[in-house]
Amino acid sequence: MRILFHAIGTKPGPWVDGLRAALPDADVDAWAPGAAPADYAVVWAPPQQLLDEQPRLQAIFNIGAGVDALLPLRMPAQTLLVRLDDAGMSVQMAEYVCQAVIRHVRELDVYERATREGQWSFRKPLAREDFPVGVMGLGVLGTRVAQALRQFEFPVRGWSRSPKQLDGVRCFAGDGELDAFLAACRVLVCLLPLTPQTDGILNRRTLGRLQRGGYLVNVARGGHLVEDDLLALLDEGQLAGATLDVLRQEPPPPEHPFWRHPKITLTPHTSARTDRDASIAQIAGKIRALRRGEPVAGVVDRARGY
Ligand code: NDP
Ligand code: OXD
């Protein structure tokens with residue numbers, strides 16, 4: 001069995017060594033143009049050339065949860081496309097989103113600014129019941145995030161494509177229930193995959209339906225957000241602020257208004273990082289299962305887009 005590794009912006013050495021250790025009977029190499037035919041590829045945002053040169057791949061393992069960079073590429077219909085499920089990401093995402101929501105509701109940024117200016121003064125605490133949080137996307141990550149927010153006793157709502165039942169979470173489903181979901185939220189967390197249906201879904205119309213003084217946490221993909229609409233809604237006071245981990249262009253150009261906007265907290269696509277050891281263990285387990293002819297979790301439905 002032969003495996004190729006290629007991930008843009010990532011040194012291949014530790015991944016290749018890790019895959020060799022996890023699958024001692026496999027021949028594992030970093031991909032280079034003209035590489036000998038392989039059975040599996042482990043990738044992040046590969047070039048079309050890799051797929052064109054490797055038409056016999058049985059499965060392509062994406063070392064992330066989102067497959068939006070892979071789906072536009074040409075590949076044989078029978079090649080399985082497999083995403084990471086969780087592999088250490090959901091706990092990180094829960095930490096990140098909870099800190100963003102808590103930071104906003106406890107006004108920690110206001111306190112930080114005040115103490116830096118030498119002020120030691122208290123503010124009337126805000127009630128978490130006044131901050132219903134809506135999680136868009138109740139998949140592997142969204143479910144864990146919704147459960148973590150419940151632990152802090154926030155009212156939690158969720159929205160997904162198909163109906164869900166989650167303990168303590170008021171669930172909405174489908175386009176028909178989107179407006180009712182938004183109206184029931186003051187804080188909105190985006191954990192949707194980027195697909196033709198969800199591209200630009202965070203826009204003036206949808207964000208304008210949140211309860212006034214709303215707050216946005218986008219940890220999914222920059223393509224979900226219409227950036228000018230966010231700026232306008234912040235100026236108008238419809239939204240109180242936003243925490244953005246993802247942007248349409250990463251990094252944004254130096255003149256981008258988000259860098260210095262007082263109501264926007266920006267992080268560099270770091271809310272849930274790929275955990276190399278956990279990912280290698282998961283991918284190796286799936287390769288072993290496929291070789292035994294067993295089904296594996298996390299196979300992407302290409303028509304659905306996630
Ligand atoms: P999943 O595929 O497990 O879950 C996706 C969820 O979105 C599902 O609940 C699905 O509904 C719902 N959904 C999809 N399309 C629609 C739609 N048109 N309308 C309503 N709901 C929809 O994904 P994950 O939870 O694993 O990951 C979510 C995204 O998070 C990734 O695609 C990636 O873009 C992003 N991500 C960002 C990271 C970062 O560091 N910033 C790290 C990791 C992931 P249903 O359940 O009905 O299918
Ligand atoms: C992912 C990501 O999708 O890192 O895993 O954004």
# chains A, B, ... in the order shown; residues from 1 in each chain; ligands from 1
>>> residues_around(residues="stretch 177-192 of chain A", least_positions_apart="4", cutoff="6 Å", atoms="only C-alpha atoms", output="JSON list (two decimals) with all heavy atoms, in the first residue's frame")
[["chain", "number", "residue", "atom", "x", "y", "z"],
["A", 131, "PHE", "N", -29.00, 36.74, 26.62],
["A", 131, "PHE", "CA", -28.08, 36.48, 25.50],
["A", 131, "PHE", "C", -28.27, 35.08, 24.92],
["A", 131, "PHE", "O", -27.37, 34.24, 24.99],
["A", 131, "PHE", "CB", -26.63, 36.69, 25.94],
["A", 131, "PHE", "CG", -26.30, 38.14, 26.17],
["A", 131, "PHE", "CD1", -26.56, 38.73, 27.39],
["A", 131, "PHE", "CD2", -25.77, 38.91, 25.14],
["A", 131, "PHE", "CE1", -26.29, 40.08, 27.60],
["A", 131, "PHE", "CE2", -25.49, 40.26, 25.34],
["A", 131, "PHE", "CZ", -25.75, 40.84, 26.57],
["A", 132, "PRO", "N", -29.47, 34.81, 24.37],
["A", 132, "PRO", "CA", -29.63, 33.49, 23.74],
["A", 132, "PRO", "C", -28.62, 33.33, 22.60],
["A", 132, "PRO", "O", -28.46, 34.24, 21.79],
["A", 132, "PRO", "CB", -31.08, 33.51, 23.23],
["A", 132, "PRO", "CG", -31.51, 34.93, 23.24],
["A", 132, "PRO", "CD", -30.67, 35.66, 24.24],
["A", 133, "VAL", "N", -27.96, 32.19, 22.59],
["A", 133, "VAL", "CA", -26.91, 31.95, 21.59],
["A", 133, "VAL", "C", -27.42, 30.94, 20.57],
["A", 133, "VAL", "O", -27.91, 29.87, 20.94],
["A", 133, "VAL", "CB", -25.64, 31.37, 22.26],
["A", 133, "VAL", "CG1", -24.51, 31.26, 21.23],
["A", 133, "VAL", "CG2", -25.20, 32.22, 23.44],
["A", 134, "GLY", "N", -27.27, 31.27, 19.30],
["A", 134, "GLY", "CA", -27.69, 30.37, 18.24],
["A", 134, "GLY", "C", -26.48, 29.78, 17.54],
["A", 134, "GLY", "O", -25.57, 30.51, 17.16],
["A", 135, "VAL", "N", -26.47, 28.47, 17.39],
["A", 135, "VAL", "CA", -25.36, 27.80, 16.71],
["A", 135, "VAL", "C", -25.87, 27.35, 15.34],
["A", 135, "VAL", "O", -26.78, 26.53, 15.25],
["A", 135, "VAL", "CB", -24.84, 26.60, 17.52],
["A", 135, "VAL", "CG1", -23.67, 25.94, 16.80],
["A", 135, "VAL", "CG2", -24.42, 27.05, 18.92],
["A", 136, "MET", "N", -25.29, 27.92, 14.28],
["A", 136, "MET", "CA", -25.67, 27.52, 12.91],
["A", 136, "MET", "C", -24.78, 26.34, 12.52],
["A", 136, "MET", "O", -23.56, 26.50, 12.43],
["A", 136, "MET", "CB", -25.41, 28.65, 11.92],
["A", 136, "MET", "CG", -26.16, 29.90, 12.20],
["A", 136, "MET", "SD", -25.75, 31.16, 10.96],
["A", 136, "MET", "CE", -27.13, 31.00, 9.84],
["A", 137, "GLY", "N", -25.37, 25.19, 12.30],
["A", 137, "GLY", "CA", -24.58, 23.99, 12.01],
["A", 137, "GLY", "C", -24.46, 23.17, 13.27],
["A", 137, "GLY", "O", -23.78, 23.57, 14.22],
["A", 142, "GLY", "N", -20.44, 21.87, 15.85],
["A", 142, "GLY", "CA", -21.55, 22.67, 16.37],
["A", 142, "GLY", "C", -22.24, 22.00, 17.55],
["A", 142, "GLY", "O", -22.62, 22.67, 18.52],
["A", 172, "PHE", "N", -33.90, 24.21, 15.36],
["A", 172, "PHE", "CA", -34.63, 24.63, 14.17],
["A", 172, "PHE", "C", -33.96, 23.95, 12.98],
["A", 172, "PHE", "O", -32.76, 23.67, 13.04],
["A", 172, "PHE", "CB", -34.54, 26.14, 13.98],
["A", 172, "PHE", "CG", -35.13, 26.95, 15.11],
["A", 172, "PHE", "CD1", -34.45, 27.10, 16.31],
["A", 172, "PHE", "CD2", -36.35, 27.58, 14.96],
["A", 172, "PHE", "CE1", -34.99, 27.85, 17.35],
["A", 172, "PHE", "CE2", -36.90, 28.34, 15.98],
["A", 172, "PHE", "CZ", -36.21, 28.47, 17.19],
["A", 173, "ALA", "N", -34.73, 23.75, 11.90],
["A", 173, "ALA", "CA", -34.12, 23.08, 10.74],
["A", 173, "ALA", "C", -34.63, 23.65, 9.43],
["A", 173, "ALA", "O", -35.80, 24.04, 9.32],
["A", 173, "ALA", "CB", -34.41, 21.58, 10.79],
["A", 209, "ARG", "N", -31.84, 40.15, 11.48],
["A", 209, "ARG", "CA", -32.96, 39.51, 12.17],
["A", 209, "ARG", "C", -32.62, 39.11, 13.60],
["A", 209, "ARG", "O", -33.50, 38.69, 14.36],
["A", 209, "ARG", "CB", -33.42, 38.27, 11.41],
["A", 209, "ARG", "CG", -34.06, 38.66, 10.12],
["A", 209, "ARG", "CD", -34.87, 37.59, 9.48],
["A", 209, "ARG", "NE", -35.46, 38.18, 8.29],
["A", 209, "ARG", "CZ", -36.71, 38.60, 8.19],
["A", 209, "ARG", "NH1", -37.54, 38.44, 9.19],
["A", 209, "ARG", "NH2", -37.16, 39.16, 7.08],
["A", 210, "LEU", "N", -31.34, 39.21, 13.95],
["A", 210, "LEU", "CA", -30.97, 38.89, 15.34],
["A", 210, "LEU", "C", -31.59, 39.93, 16.27],
["A", 210, "LEU", "O", -31.86, 41.06, 15.86],
["A", 210, "LEU", "CB", -29.45, 38.94, 15.51],
["A", 210, "LEU", "CG", -28.64, 37.90, 14.73],
["A", 210, "LEU", "CD1", -27.15, 38.15, 14.96],
["A", 210, "LEU", "CD2", -29.02, 36.49, 15.17],
["A", 211, "GLN", "N", -31.71, 39.57, 17.54],
["A", 211, "GLN", "CA", -32.21, 40.54, 18.52],
["A", 211, "GLN", "C", -31.23, 41.72, 18.55],
["A", 211, "GLN", "O", -30.02, 41.54, 18.35],
["A", 211, "GLN", "CB", -32.33, 39.86, 19.87],
["A", 211, "GLN", "CG", -33.38, 38.76, 19.83],
["A", 211, "GLN", "CD", -33.41, 37.88, 21.07],
["A", 211, "GLN", "OE1", -32.75, 38.18, 22.07],
["A", 211, "GLN", "NE2", -34.16, 36.79, 20.99],
["A", 214, "GLY", "N", -26.97, 42.50, 18.73],
["A", 214, "GLY", "CA", -26.50, 41.13, 18.50],
["A", 214, "GLY", "C", -24.98, 41.04, 18.41],
["A", 214, "GLY", "O", -24.28, 42.06, 18.30],
["A", 215, "TYR", "N", -24.51, 39.81, 18.45],
["A", 215, "TYR", "CA", -23.05, 39.58, 18.42],
["A", 215, "TYR", "C", -22.79, 38.38, 17.53],
["A", 215, "TYR", "O", -23.50, 37.37, 17.61],
["A", 215, "TYR", "CB", -22.54, 39.31, 19.84],
["A", 215, "TYR", "CG", -21.03, 39.41, 19.94],
["A", 215, "TYR", "CD1", -20.41, 40.63, 20.19],
["A", 215, "TYR", "CD2", -20.23, 38.28, 19.77],
["A", 215, "TYR", "CE1", -19.02, 40.73, 20.26],
["A", 215, "TYR", "CE2", -18.84, 38.37, 19.84],
["A", 215, "TYR", "CZ", -18.25, 39.60, 20.08],
["A", 215, "TYR", "OH", -16.88, 39.71, 20.15],
["A", 216, "LEU", "N", -21.78, 38.49, 16.66],
["A", 216, "LEU", "CA", -21.47, 37.40, 15.73],
["A", 216, "LEU", "C", -20.15, 36.74, 16.08],
["A", 216, "LEU", "O", -19.15, 37.43, 16.33],
["A", 216, "LEU", "CB", -21.39, 37.97, 14.30],
["A", 216, "LEU", "CG", -20.88, 36.98, 13.23],
["A", 216, "LEU", "CD1", -21.89, 35.86, 13.00],
["A", 216, "LEU", "CD2", -20.60, 37.71, 11.91],
["A", 217, "VAL", "N", -20.14, 35.41, 16.07],
["A", 217, "VAL", "CA", -18.88, 34.65, 16.19],
["A", 217, "VAL", "C", -18.79, 33.79, 14.93],
["A", 217, "VAL", "O", -19.57, 32.84, 14.76],
["A", 217, "VAL", "CB", -18.87, 33.76, 17.45],
["A", 217, "VAL", "CG1", -17.54, 33.01, 17.56],
["A", 217, "VAL", "CG2", -19.13, 34.58, 18.73],
["A", 218, "ASN", "N", -17.87, 34.13, 14.03],
["A", 218, "ASN", "CA", -17.71, 33.29, 12.82],
["A", 218, "ASN", "C", -16.42, 32.50, 12.92],
["A", 218, "ASN", "O", -15.32, 33.06, 12.89],
["A", 218, "ASN", "CB", -17.73, 34.11, 11.54],
["A", 218, "ASN", "CG", -17.75, 33.20, 10.31],
["A", 218, "ASN", "OD1", -18.04, 32.00, 10.42],
["A", 218, "ASN", "ND2", -17.44, 33.74, 9.15],
["A", 220, "ALA", "N", -16.29, 29.50, 11.06],
["A", 220, "ALA", "CA", -16.44, 28.47, 10.01],
["A", 220, "ALA", "C", -15.58, 28.81, 8.80],
["A", 220, "ALA", "O", -14.45, 28.29, 8.66],
["A", 220, "ALA", "CB", -17.91, 28.32, 9.65]]
>>> select_by_dssp(residues="stretch 59-306 of chain A", states="helix (DSSP H, G or I)", output="MDAnalysis selection string")
chainID A and resid 89:105 108:116 128:130 140:151 175:183 204:207 222:224 227:236 257:260 276:291
>>> residues_near_ligand(ligand="ligand 2", cutoff="7 Å", atoms="only C-alpha atoms and all ligand atoms", output="list in words")
Ile63, Gly64, Ala65, Gly66, Val67, Ala220, His269, Ala272, Arg273 and Thr274 of chain A
>>> residues_around(residues="A:Ile201", least_positions_apart="3", cutoff="8 Å", atoms="only C-alpha atoms", output="list in words")
Gln197, Thr198, Thr206, His224, Leu225 and Val226 of chain A
>>> residues_around(residues="A:Gln92", least_positions_apart="2", cutoff="10 Å", atoms="only C-alpha atoms", output="ChimeraX atom specification")
/A:86,88-90,94-98,141,144-145,270-274
>>> closest_residue(among="A:Arg304, A:Arg212, A:Lys263, A:Arg106", to="ligand 1", atoms="only C-alpha atoms and all ligand atoms")
A:Arg304
>>> closest_atom_pairs(of="stretch 79-189 of chain A", to="stretch 54-61 of chain A", cutoff="7 Å", atoms="only C-alpha atoms", output="tab-separated table")
residue	atom	partner	partner_atom	distance
A:Thr79	CA	A:Gln58	CA	5.0
A:Leu80	CA	A:Ala59	CA	4.4
A:Leu81	CA	A:Ile60	CA	5.0
A:Val82	CA	A:Phe61	CA	4.9
A:Arg83	CA	A:Phe61	CA	6.0
>>> decode(residues="stretch 248-270 of chain A", atoms="N, CA, C and O atoms", output="PDB file, in the first residue's frame")
ATOM      1  N   ARG A 248     -12.537  36.124   4.338  1.00  0.00           N
ATOM      2  CA  ARG A 248     -12.527  35.770   2.903  1.00  0.00           C
ATOM      3  C   ARG A 248     -11.104  35.686   2.386  1.00  0.00           C
ATOM      4  O   ARG A 248     -10.756  34.782   1.659  1.00  0.00           O
ATOM      5  N   GLN A 249     -10.257  36.656   2.782  1.00  0.00           N
ATOM      6  CA  GLN A 249      -8.851  36.595   2.384  1.00  0.00           C
ATOM      7  C   GLN A 249      -8.023  36.461   3.661  1.00  0.00           C
ATOM      8  O   GLN A 249      -8.125  37.310   4.556  1.00  0.00           O
ATOM      9  N   GLU A 250      -7.249  35.396   3.756  1.00  0.00           N
ATOM     10  CA  GLU A 250      -6.440  35.156   4.957  1.00  0.00           C
ATOM     11  C   GLU A 250      -4.962  35.096   4.582  1.00  0.00           C
ATOM     12  O   GLU A 250      -4.594  34.249   3.772  1.00  0.00           O
ATOM     13  N   PRO A 251      -4.088  35.962   5.127  1.00  0.00           N
ATOM     14  CA  PRO A 251      -4.460  37.100   5.973  1.00  0.00           C
ATOM     15  C   PRO A 251      -5.090  38.202   5.135  1.00  0.00           C
ATOM     16  O   PRO A 251      -4.845  38.277   3.927  1.00  0.00           O
ATOM     17  N   PRO A 252      -5.878  39.078   5.776  1.00  0.00           N
ATOM     18  CA  PRO A 252      -6.467  40.180   5.013  1.00  0.00           C
ATOM     19  C   PRO A 252      -5.388  41.194   4.643  1.00  0.00           C
ATOM     20  O   PRO A 252      -4.347  41.244   5.309  1.00  0.00           O
ATOM     21  N   PRO A 253      -5.614  41.979   3.589  1.00  0.00           N
ATOM     22  CA  PRO A 253      -4.611  42.985   3.210  1.00  0.00           C
ATOM     23  C   PRO A 253      -4.459  44.035   4.320  1.00  0.00           C
ATOM     24  O   PRO A 253      -5.387  44.226   5.107  1.00  0.00           O
ATOM     25  N   PRO A 254      -3.294  44.713   4.382  1.00  0.00           N
ATOM     26  CA  PRO A 254      -3.025  45.643   5.487  1.00  0.00           C
ATOM     27  C   PRO A 254      -4.094  46.720   5.660  1.00  0.00           C
ATOM     28  O   PRO A 254      -4.363  47.157   6.769  1.00  0.00           O
ATOM     29  N   GLU A 255      -4.746  47.112   4.573  1.00  0.00           N
ATOM     30  CA  GLU A 255      -5.723  48.205   4.678  1.00  0.00           C
ATOM     31  C   GLU A 255      -7.117  47.704   5.078  1.00  0.00           C
ATOM     32  O   GLU A 255      -8.061  48.487   5.211  1.00  0.00           O
ATOM     33  N   HIS A 256      -7.268  46.398   5.309  1.00  0.00           N
ATOM     34  CA  HIS A 256      -8.600  45.852   5.618  1.00  0.00           C
ATOM     35  C   HIS A 256      -9.128  46.457   6.923  1.00  0.00           C
ATOM     36  O   HIS A 256      -8.414  46.490   7.926  1.00  0.00           O
ATOM     37  N   PRO A 257     -10.390  46.912   6.919  1.00  0.00           N
ATOM     38  CA  PRO A 257     -10.923  47.608   8.118  1.00  0.00           C
ATOM     39  C   PRO A 257     -11.032  46.715   9.351  1.00  0.00           C
ATOM     40  O   PRO A 257     -11.068  47.225  10.478  1.00  0.00           O
ATOM     41  N   PHE A 258     -11.098  45.399   9.179  1.00  0.00           N
ATOM     42  CA  PHE A 258     -11.261  44.521  10.355  1.00  0.00           C
ATOM     43  C   PHE A 258     -10.043  44.537  11.274  1.00  0.00           C
ATOM     44  O   PHE A 258     -10.151  44.266  12.463  1.00  0.00           O
ATOM     45  N   TRP A 259      -8.852  44.808  10.735  1.00  0.00           N
ATOM     46  CA  TRP A 259      -7.643  44.750  11.579  1.00  0.00           C
ATOM     47  C   TRP A 259      -7.790  45.624  12.824  1.00  0.00           C
ATOM     48  O   TRP A 259      -7.379  45.241  13.912  1.00  0.00           O
ATOM     49  N   ARG A 260      -8.327  46.830  12.622  1.00  0.00           N
ATOM     50  CA  ARG A 260      -8.313  47.804  13.715  1.00  0.00           C
ATOM     51  C   ARG A 260      -9.711  48.201  14.175  1.00  0.00           C
ATOM     52  O   ARG A 260      -9.865  49.131  14.948  1.00  0.00           O
ATOM     53  N   HIS A 261     -10.740  47.492  13.726  1.00  0.00           N
ATOM     54  CA  HIS A 261     -12.104  47.906  14.088  1.00  0.00           C
ATOM     55  C   HIS A 261     -12.321  47.696  15.593  1.00  0.00           C
ATOM     56  O   HIS A 261     -12.087  46.597  16.113  1.00  0.00           O
ATOM     57  N   PRO A 262     -12.791  48.734  16.307  1.00  0.00           N
ATOM     58  CA  PRO A 262     -12.913  48.604  17.771  1.00  0.00           C
ATOM     59  C   PRO A 262     -13.928  47.551  18.225  1.00  0.00           C
ATOM     60  O   PRO A 262     -13.864  47.080  19.358  1.00  0.00           O
ATOM     61  N   LYS A 263     -14.870  47.197  17.345  1.00  0.00           N
ATOM     62  CA  LYS A 263     -15.903  46.229  17.771  1.00  0.00           C
ATOM     63  C   LYS A 263     -15.630  44.827  17.237  1.00  0.00           C
ATOM     64  O   LYS A 263     -16.449  43.930  17.383  1.00  0.00           O
ATOM     65  N   ILE A 264     -14.481  44.653  16.572  1.00  0.00           N
ATOM     66  CA  ILE A 264     -14.184  43.328  16.002  1.00  0.00           C
ATOM     67  C   ILE A 264     -12.940  42.742  16.663  1.00  0.00           C
ATOM     68  O   ILE A 264     -11.911  43.414  16.772  1.00  0.00           O
ATOM     69  N   THR A 265     -13.064  41.523  17.106  1.00  0.00           N
ATOM     70  CA  THR A 265     -11.908  40.771  17.617  1.00  0.00           C
ATOM     71  C   THR A 265     -11.532  39.761  16.534  1.00  0.00           C
ATOM     72  O   THR A 265     -12.382  38.987  16.075  1.00  0.00           O
ATOM     73  N   LEU A 266     -10.261  39.804  16.134  1.00  0.00           N
ATOM     74  CA  LEU A 266      -9.805  38.981  15.012  1.00  0.00           C
ATOM     75  C   LEU A 266      -8.764  37.969  15.490  1.00  0.00           C
ATOM     76  O   LEU A 266      -7.882  38.333  16.268  1.00  0.00           O
ATOM     77  N   THR A 267      -8.874  36.725  15.032  1.00  0.00           N
ATOM     78  CA  THR A 267      -7.801  35.747  15.268  1.00  0.00           C
ATOM     79  C   THR A 267      -7.491  35.061  13.933  1.00  0.00           C
ATOM     80  O   THR A 267      -8.351  35.008  13.041  1.00  0.00           O
ATOM     81  N   PRO A 268      -6.266  34.543  13.779  1.00  0.00           N
ATOM     82  CA  PRO A 268      -5.827  34.050  12.463  1.00  0.00           C
ATOM     83  C   PRO A 268      -6.166  32.575  12.191  1.00  0.00           C
ATOM     84  O   PRO A 268      -5.272  31.751  12.087  1.00  0.00           O
ATOM     85  N   HIS A 269      -7.462  32.259  12.055  1.00  0.00           N
ATOM     86  CA  HIS A 269      -7.904  30.899  11.714  1.00  0.00           C
ATOM     87  C   HIS A 269      -7.235  29.872  12.644  1.00  0.00           C
ATOM     88  O   HIS A 269      -6.531  28.964  12.186  1.00  0.00           O
ATOM     89  N   THR A 270      -7.487  30.081  13.915  1.00  0.00           N
ATOM     90  CA  THR A 270      -6.784  29.256  14.903  1.00  0.00           C
ATOM     91  C   THR A 270      -7.736  28.672  15.950  1.00  0.00           C
ATOM     92  O   THR A 270      -7.289  28.063  16.917  1.00  0.00           O
TER      93      THR A 270
END
